[in-house]
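Engineer: After the structure tokens below, expect a handful of questions from me.
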Amino acid sequence: MLTLTHRYRIYPDTTQEQQFIEWMEICRSSYNYALREIKDWCNSRKCAIDRCSLEKEYILSPELKFPGEVYQLNNLPRAKKEFPKLSEVPSQVLQQVIKQLHVGWKYFQERGFGFPRFKKYGQFKSLLFPQFSSNPVTDLHLKLPKIGVIPVNLHRPIPSGFEVRQIRIMRKADKWYASISLQCNVSVPDPMPHGHPIGVDIGLEKFLATSDGTLVKPPKFFKQLQSELKLLQRRMSRKKKRSKNYEKARIKVARLHHKIDNTRKDFHYKQAHALCDAGDLVFMEDLNYRTSAKGMFGKHMLDAAFGQFRSIVKYVCWKRGKFFGVVDARGTSQECPECGEEMRKDLSVRIHDCPYCRYRTDRDVASAQVIRNRGIELISTAGHVGMETACAADLPGAGVTQSRQVAKSLHRTTRKPKE
Ligand SMILES: [Zn+2]
């Protein structure tokens, strides 16, 4: 099964736009309601039944079962009778909200952190239409239940043989997009590792360095856009909150954020394609960029969006039939790629000059070569079985936004509900 996600700009008219926004609000309240049920249940199970709780607890009947996914889904029709507003949203879209919450809940249970949070006003930004009985996409229009036809800019055709599985409607700044999931019923073998390997090291001073000696500087336009953003944000902060002028300024800021996102993504895609042009096997570090973003270089790390870049490289490799692998990131800058000897150097040392074998090259190129060596080792020892291969599912923008939370402790245990 081959899944691709294409994103198209759509142009809903004012009433449709209003309707989408209302639906999102209804979905948000259902999400929060369902989360409240889960939270209340958890709170009521925090002390033994025969004790009096010292802290604030919600006493629920001990027979009451955990509000699971099926239970909450089955409760939707009843809730619709009580709150007729819920019926305005297509029922499958509403069901997806509950499913989304439980995906988050399960994820929380597996990791032991990242409890789902209530969504504030405006934090619910997408609607998922999970199923279509007939093809909803034509060259000019998108047809959705209960809302009718919406003009779409089909800037690239739906590839032949693919059918539309689901559509996610998204709002970015004041623009609307449809993320269309396409599926084709063929099986594609994972790419076999062969050909020219390259290691890629990404950093702040140089955006990336490859083991072949290519260095790419971080593009200048980010700095320019960044200062523009600062200006707009300052203007916005001077406006009175909730006033019309504040709203105008807010939209300008949101548009610029959106533009920065798009520019960055475009840059990342071009770099990823350039990597695939240069080699057949691409190796990168398995750094946890979110943890490094918390440290000294926080803002710059997030601006460069290394995590996004890595998933884009992974996706482009998959699409072009190249092999992608991640290697252990520890000490890549402290090792000589030629003789493997350890040599300490701090961030100020820009040139790798090995005292043992006299190998001399750029510091980042040296780390990229270490990454390449580790990648080759990984393939030859473990084989490529069980290694990560790319898929379109976790492409940025394709799915739900991930939480930015970073683990405080992996070992914290949470009580699992008995279902
Ligand atoms: Zn050496």
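Chain labels follow the order of the structure tokens: the first chain is A, the next B, and so on; residue numbering restarts at 1 in every chain, and ligands are counted from 1 in their shown order.
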Identify, on the basis of only C-alpha atoms, every residue whose closest approach to Leu256 in chain A does not exceed 8 Å; exclude the query and any residue fewer than 3 positions from it along the same chain; express the result as a ChimeraX atom specification.
Structural biologist: /A:225,229,252-253,259-260
Engineer: If we count only C-alpha atoms, what is near range 70-75 of chain A at a cut-off of 9 Å, once residues fewer than 5 positions away on the same chain are taken out, given as a list in words?
Structural biologist: Ala34, Lys80, Gln95, Ile98 and Lys99 of chain A
Engineer: Put those residues in a file: C-alpha atoms, as a PDB file, in the first residue's frame.
Structural biologist:
ATOM      1  CA  ALA A  34     -14.198  14.020  26.223  1.00  0.00           C
ATOM      2  CA  LYS A  80     -26.336  15.121  19.766  1.00  0.00           C
ATOM      3  CA  GLN A  95     -15.898  10.859  15.486  1.00  0.00           C
ATOM      4  CA  ILE A  98     -12.662  11.462  19.747  1.00  0.00           C
ATOM      5  CA  LYS A  99     -10.307   9.127  17.913  1.00  0.00           C
TER       6      LYS A  99
END
Engineer: Which residues are near ligand 1 - at most 6 Å, using only C-alpha atoms and all ligand atoms? Format: as a PyMOL selection string.
Structural biologist: chain A and resi 336+338-339+341+354+356-357+359
Engineer: CA of Lys314 in chain A to CA of Lys265 in chain A: how many Å, to one decimal?
Structural biologist: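 Computed distance, CA of Lys314 in chain A to CA of Lys265 in chain A, equals 13.8 Å.
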Engineer: Give me, as a ChimeraX atom specification, all polymer residues having an atom no more than 10 Å from range 130-147 of chain A, counting only C-alpha atoms and skipping those fewer than 2 positions away in the same chain.
Structural biologist: /A:10-12,15-17,19-20,88-93,95-96,127-128,149-158,163-168,178,180-181
Engineer: If you count only C-alpha atoms, which residues fall within 12 Å of Lys220 in chain A, apart from same-chain ones fewer than 3 positions away, as number ranges by chain?
Structural biologist: A: 206-207, 216-217, 223-227, 263-264, 267, 304
Engineer: Kindly export the residues of the current selection with C-alpha atoms, as an mmCIF file, in the first residue's frame.
Structural biologist:
data_model
loop_
_atom_site.group_PDB
_atom_site.id
_atom_site.type_symbol
_atom_site.label_atom_id
_atom_site.label_comp_id
_atom_site.auth_asym_id
_atom_site.auth_seq_id
_atom_site.Cartn_x
_atom_site.Cartn_y
_atom_site.Cartn_z
ATOM 1 C CA LYS A 206 26.770 25.610 8.246
ATOM 2 C CA PHE A 207 23.328 24.399 7.470
ATOM 3 C CA VAL A 216 25.741 24.682 2.497
ATOM 4 C CA LYS A 217 25.443 27.912 4.388
ATOM 5 C CA LYS A 223 17.538 36.643 8.849
ATOM 6 C CA GLN A 224 15.752 39.237 6.782
ATOM 7 C CA LEU A 225 12.354 37.676 7.357
ATOM 8 C CA GLN A 226 13.172 37.334 11.033
ATOM 9 C CA SER A 227 13.768 41.079 11.420
ATOM 10 C CA THR A 263 10.231 29.433 2.526
ATOM 11 C CA ARG A 264 11.962 27.138 4.958
ATOM 12 C CA PHE A 267 14.635 25.322 1.060
ATOM 13 C CA ALA A 304 16.645 25.892 11.403
#
Engineer: Could you tell me, as a ChimeraX atom specification, which residues of range 89-330 of chain A DSSP assigns to helix (DSSP H, G or I) when given the backbone?
Structural biologist: /A:91-111,221-238,244-278,289-294,298-304,306-319
Engineer: Could you write out the selected residues, including C-alpha atoms, as a tab-separated table (two decimals), in the first residue's frame?
Structural biologist:
chain	number	residue	atom	x	y	z
A	91	SER	CA	-20.69	12.83	12.11
A	92	GLN	CA	-17.52	11.20	10.82
A	93	VAL	CA	-15.59	14.39	11.38
A	94	LEU	CA	-16.83	14.49	14.95
A	95	GLN	CA	-15.90	10.86	15.49
A	96	GLN	CA	-12.39	11.64	14.33
A	97	VAL	CA	-12.07	14.16	17.16
A	98	ILE	CA	-12.66	11.46	19.75
A	99	LYS	CA	-10.31	9.13	17.91
A	100	GLN	CA	-7.65	11.81	17.83
A	101	LEU	CA	-7.97	12.30	21.57
A	102	HIS	CA	-7.53	8.59	22.18
A	103	VAL	CA	-4.52	8.44	19.89
A	104	GLY	CA	-3.02	11.13	22.10
A	105	TRP	CA	-4.07	9.25	25.22
A	106	LYS	CA	-2.50	5.99	24.08
A	107	TYR	CA	0.66	7.81	23.11
A	108	PHE	CA	0.74	9.30	26.60
A	109	GLN	CA	0.33	5.86	28.17
A	110	GLU	CA	3.17	4.39	26.17
A	111	ARG	CA	5.60	7.18	26.89
A	221	PHE	CA	16.59	35.33	3.71
A	222	PHE	CA	15.71	33.88	7.09
A	223	LYS	CA	17.54	36.64	8.85
A	224	GLN	CA	15.75	39.24	6.78
A	225	LEU	CA	12.35	37.68	7.36
A	226	GLN	CA	13.17	37.33	11.03
A	227	SER	CA	13.77	41.08	11.42
A	228	GLU	CA	10.62	41.81	9.47
A	229	LEU	CA	8.77	39.57	11.89
A	230	LYS	CA	10.23	41.41	14.84
A	231	LEU	CA	8.96	44.69	13.44
A	232	LEU	CA	5.46	43.40	12.89
A	233	GLN	CA	5.34	41.80	16.31
A	234	ARG	CA	6.37	45.06	17.89
A	235	ARG	CA	3.64	46.87	16.02
A	236	MET	CA	1.12	44.31	17.15
A	237	SER	CA	2.15	44.64	20.77
A	238	ARG	CA	1.37	48.35	20.67
A	244	LYS	CA	-9.80	45.93	15.07
A	245	ASN	CA	-6.31	47.24	14.54
A	246	TYR	CA	-4.93	44.51	16.77
A	247	GLU	CA	-6.70	41.92	14.64
A	248	LYS	CA	-5.26	43.43	11.45
A	249	ALA	CA	-1.77	43.36	12.92
A	250	ARG	CA	-2.27	39.81	14.14
A	251	ILE	CA	-3.15	38.64	10.66
A	252	LYS	CA	-0.04	40.30	9.27
A	253	VAL	CA	2.12	38.48	11.81
A	254	ALA	CA	0.40	35.18	11.10
A	255	ARG	CA	0.89	35.64	7.35
A	256	LEU	CA	4.57	36.30	7.80
A	257	HIS	CA	4.97	33.24	10.02
A	258	HIS	CA	3.28	31.25	7.30
A	259	LYS	CA	5.60	32.70	4.69
A	260	ILE	CA	8.66	31.86	6.78
A	261	ASP	CA	7.37	28.30	7.15
A	262	ASN	CA	6.86	27.94	3.43
A	263	THR	CA	10.23	29.43	2.53
A	264	ARG	CA	11.96	27.14	4.96
A	265	LYS	CA	10.16	24.08	3.72
A	266	ASP	CA	10.99	24.95	0.13
A	267	PHE	CA	14.64	25.32	1.06
A	268	HIS	CA	14.59	22.00	2.88
A	269	TYR	CA	13.05	20.18	-0.07
A	270	LYS	CA	15.64	21.60	-2.44
A	271	GLN	CA	18.47	20.56	-0.14
A	272	ALA	CA	16.98	17.10	0.27
A	273	HIS	CA	16.78	16.64	-3.49
A	274	ALA	CA	20.33	17.84	-3.83
A	275	LEU	CA	21.40	15.16	-1.33
A	276	CYS	CA	19.58	12.50	-3.31
A	277	ASP	CA	21.29	13.74	-6.47
A	278	ALA	CA	24.66	13.38	-4.78
A	289	TYR	CA	16.66	18.18	18.17
A	290	ARG	CA	13.98	19.10	20.63
A	291	THR	CA	16.30	18.60	23.57
A	292	SER	CA	19.04	20.62	21.98
A	293	ALA	CA	16.51	23.33	21.26
A	294	LYS	CA	16.08	23.68	25.00
A	298	GLY	CA	17.39	27.22	21.48
A	299	LYS	CA	15.99	29.80	19.16
A	300	HIS	CA	18.43	29.17	16.38
A	301	MET	CA	17.89	25.44	16.54
A	302	LEU	CA	14.16	25.83	16.20
A	303	ASP	CA	14.58	28.30	13.40
A	304	ALA	CA	16.64	25.89	11.40
A	306	PHE	CA	16.38	20.31	11.85
A	307	GLY	CA	13.75	17.81	12.82
A	308	GLN	CA	11.60	18.86	9.91
A	309	PHE	CA	14.57	18.73	7.59
A	310	ARG	CA	15.34	15.17	8.61
A	311	SER	CA	11.81	13.98	7.96
A	312	ILE	CA	11.82	15.73	4.60
A	313	VAL	CA	15.09	14.04	3.66
A	314	LYS	CA	13.62	10.74	4.76
A	315	TYR	CA	10.54	11.32	2.63
A	316	VAL	CA	12.45	12.47	-0.45
A	317	CYS	CA	14.75	9.46	-0.17
A	318	TRP	CA	11.78	7.17	0.04
A	319	LYS	CA	10.15	8.79	-2.96
Engineer: Got a sec to tell me which of range 97-131 of chain A DSSP assigns to strand (DSSP E or B), as a ChimeraX atom specification?
Structural biologist: /A:126-129
Engineer: Output C-alpha atoms for every residue in that selection, as a JSON list (two decimals), in the first residue's frame.
Structural biologist:
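Dumped everything to part-v3.json:
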[["chain", "number", "residue", "atom", "x", "y", "z"],
["A", 126, "SER", "CA", -8.03, 21.24, 11.24],
["A", 127, "LEU", "CA", -10.92, 18.98, 10.33],
["A", 128, "LEU", "CA", -10.46, 15.44, 9.10],
["A", 129, "PHE", "CA", -12.88, 13.88, 6.63]]
Engineer: Have a look at CA of Gln183 in chain A and CA of Lys125 in chain A and let me know their distance in Å, one decimal.
Structural biologist: 24.2 Å
Engineer: Do you know which residues are at most 8 Å from range 187-203 of chain A counting only C-alpha atoms, after dropping those on the same chain fewer than 4 positions away, and could you put them as a ChimeraX atom specification?
Structural biologist: /A:1-2,207-212,278-285,306,318,321-323,364-365,367-373,375-376,379,384,389
Engineer: With C-alpha atoms retained, write the just-selected residues as an mmCIF file, in the first residue's frame.
Structural biologist:
data_model
loop_
_atom_site.group_PDB
_atom_site.id
_atom_site.type_symbol
_atom_site.label_atom_id
_atom_site.label_comp_id
_atom_site.auth_asym_id
_atom_site.auth_seq_id
_atom_site.Cartn_x
_atom_site.Cartn_y
_atom_site.Cartn_z
ATOM 1 C CA MET A 1 0.000 0.000 0.000
ATOM 2 C CA LEU A 2 1.417 3.289 -1.120
ATOM 3 C CA PHE A 207 23.328 24.399 7.470
ATOM 4 C CA LEU A 208 24.699 21.096 6.301
ATOM 5 C CA ALA A 209 27.948 19.423 5.431
ATOM 6 C CA THR A 210 28.244 16.196 3.474
ATOM 7 C CA SER A 211 30.983 13.639 3.582
ATOM 8 C CA ASP A 212 31.847 14.567 -0.019
ATOM 9 C CA ALA A 278 24.656 13.377 -4.784
ATOM 10 C CA GLY A 279 24.324 9.904 -3.311
ATOM 11 C CA ASP A 280 22.315 6.700 -3.095
ATOM 12 C CA LEU A 281 22.496 6.110 0.627
ATOM 13 C CA VAL A 282 21.909 9.018 2.956
ATOM 14 C CA PHE A 283 22.850 8.864 6.623
ATOM 15 C CA MET A 284 21.981 11.368 9.292
ATOM 16 C CA GLU A 285 22.360 11.646 13.043
ATOM 17 C CA PHE A 306 16.384 20.314 11.850
ATOM 18 C CA TRP A 318 11.781 7.168 0.035
ATOM 19 C CA GLY A 321 14.149 5.064 -4.066
ATOM 20 C CA LYS A 322 17.266 5.996 -2.139
ATOM 21 C CA PHE A 323 18.216 4.471 1.163
ATOM 22 C CA ASP A 364 31.793 19.606 9.810
ATOM 23 C CA VAL A 365 32.931 17.568 6.817
ATOM 24 C CA SER A 367 31.740 14.740 11.325
ATOM 25 C CA ALA A 368 29.781 13.995 8.169
ATOM 26 C CA GLN A 369 32.418 11.440 7.216
ATOM 27 C CA VAL A 370 32.176 9.856 10.662
ATOM 28 C CA ILE A 371 28.414 9.637 10.166
ATOM 29 C CA ARG A 372 28.932 7.997 6.786
ATOM 30 C CA ASN A 373 31.389 5.488 8.247
ATOM 31 C CA GLY A 375 26.169 4.226 8.463
ATOM 32 C CA ILE A 376 28.174 1.813 6.339
ATOM 33 C CA ILE A 379 24.382 -1.739 7.113
ATOM 34 C CA HIS A 384 19.219 -3.150 6.656
ATOM 35 C CA THR A 389 12.468 3.310 6.190
#
Engineer: For a quick check of understanding, using only C-alpha atoms, which of A:Arg344, A:Asp40, A:Trp176, A:Arg45 has the smallest distance to Gln18 in chain A?
Structural biologist: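 For Gln18 in chain A, the nearest of the candidates is A:Trp176.
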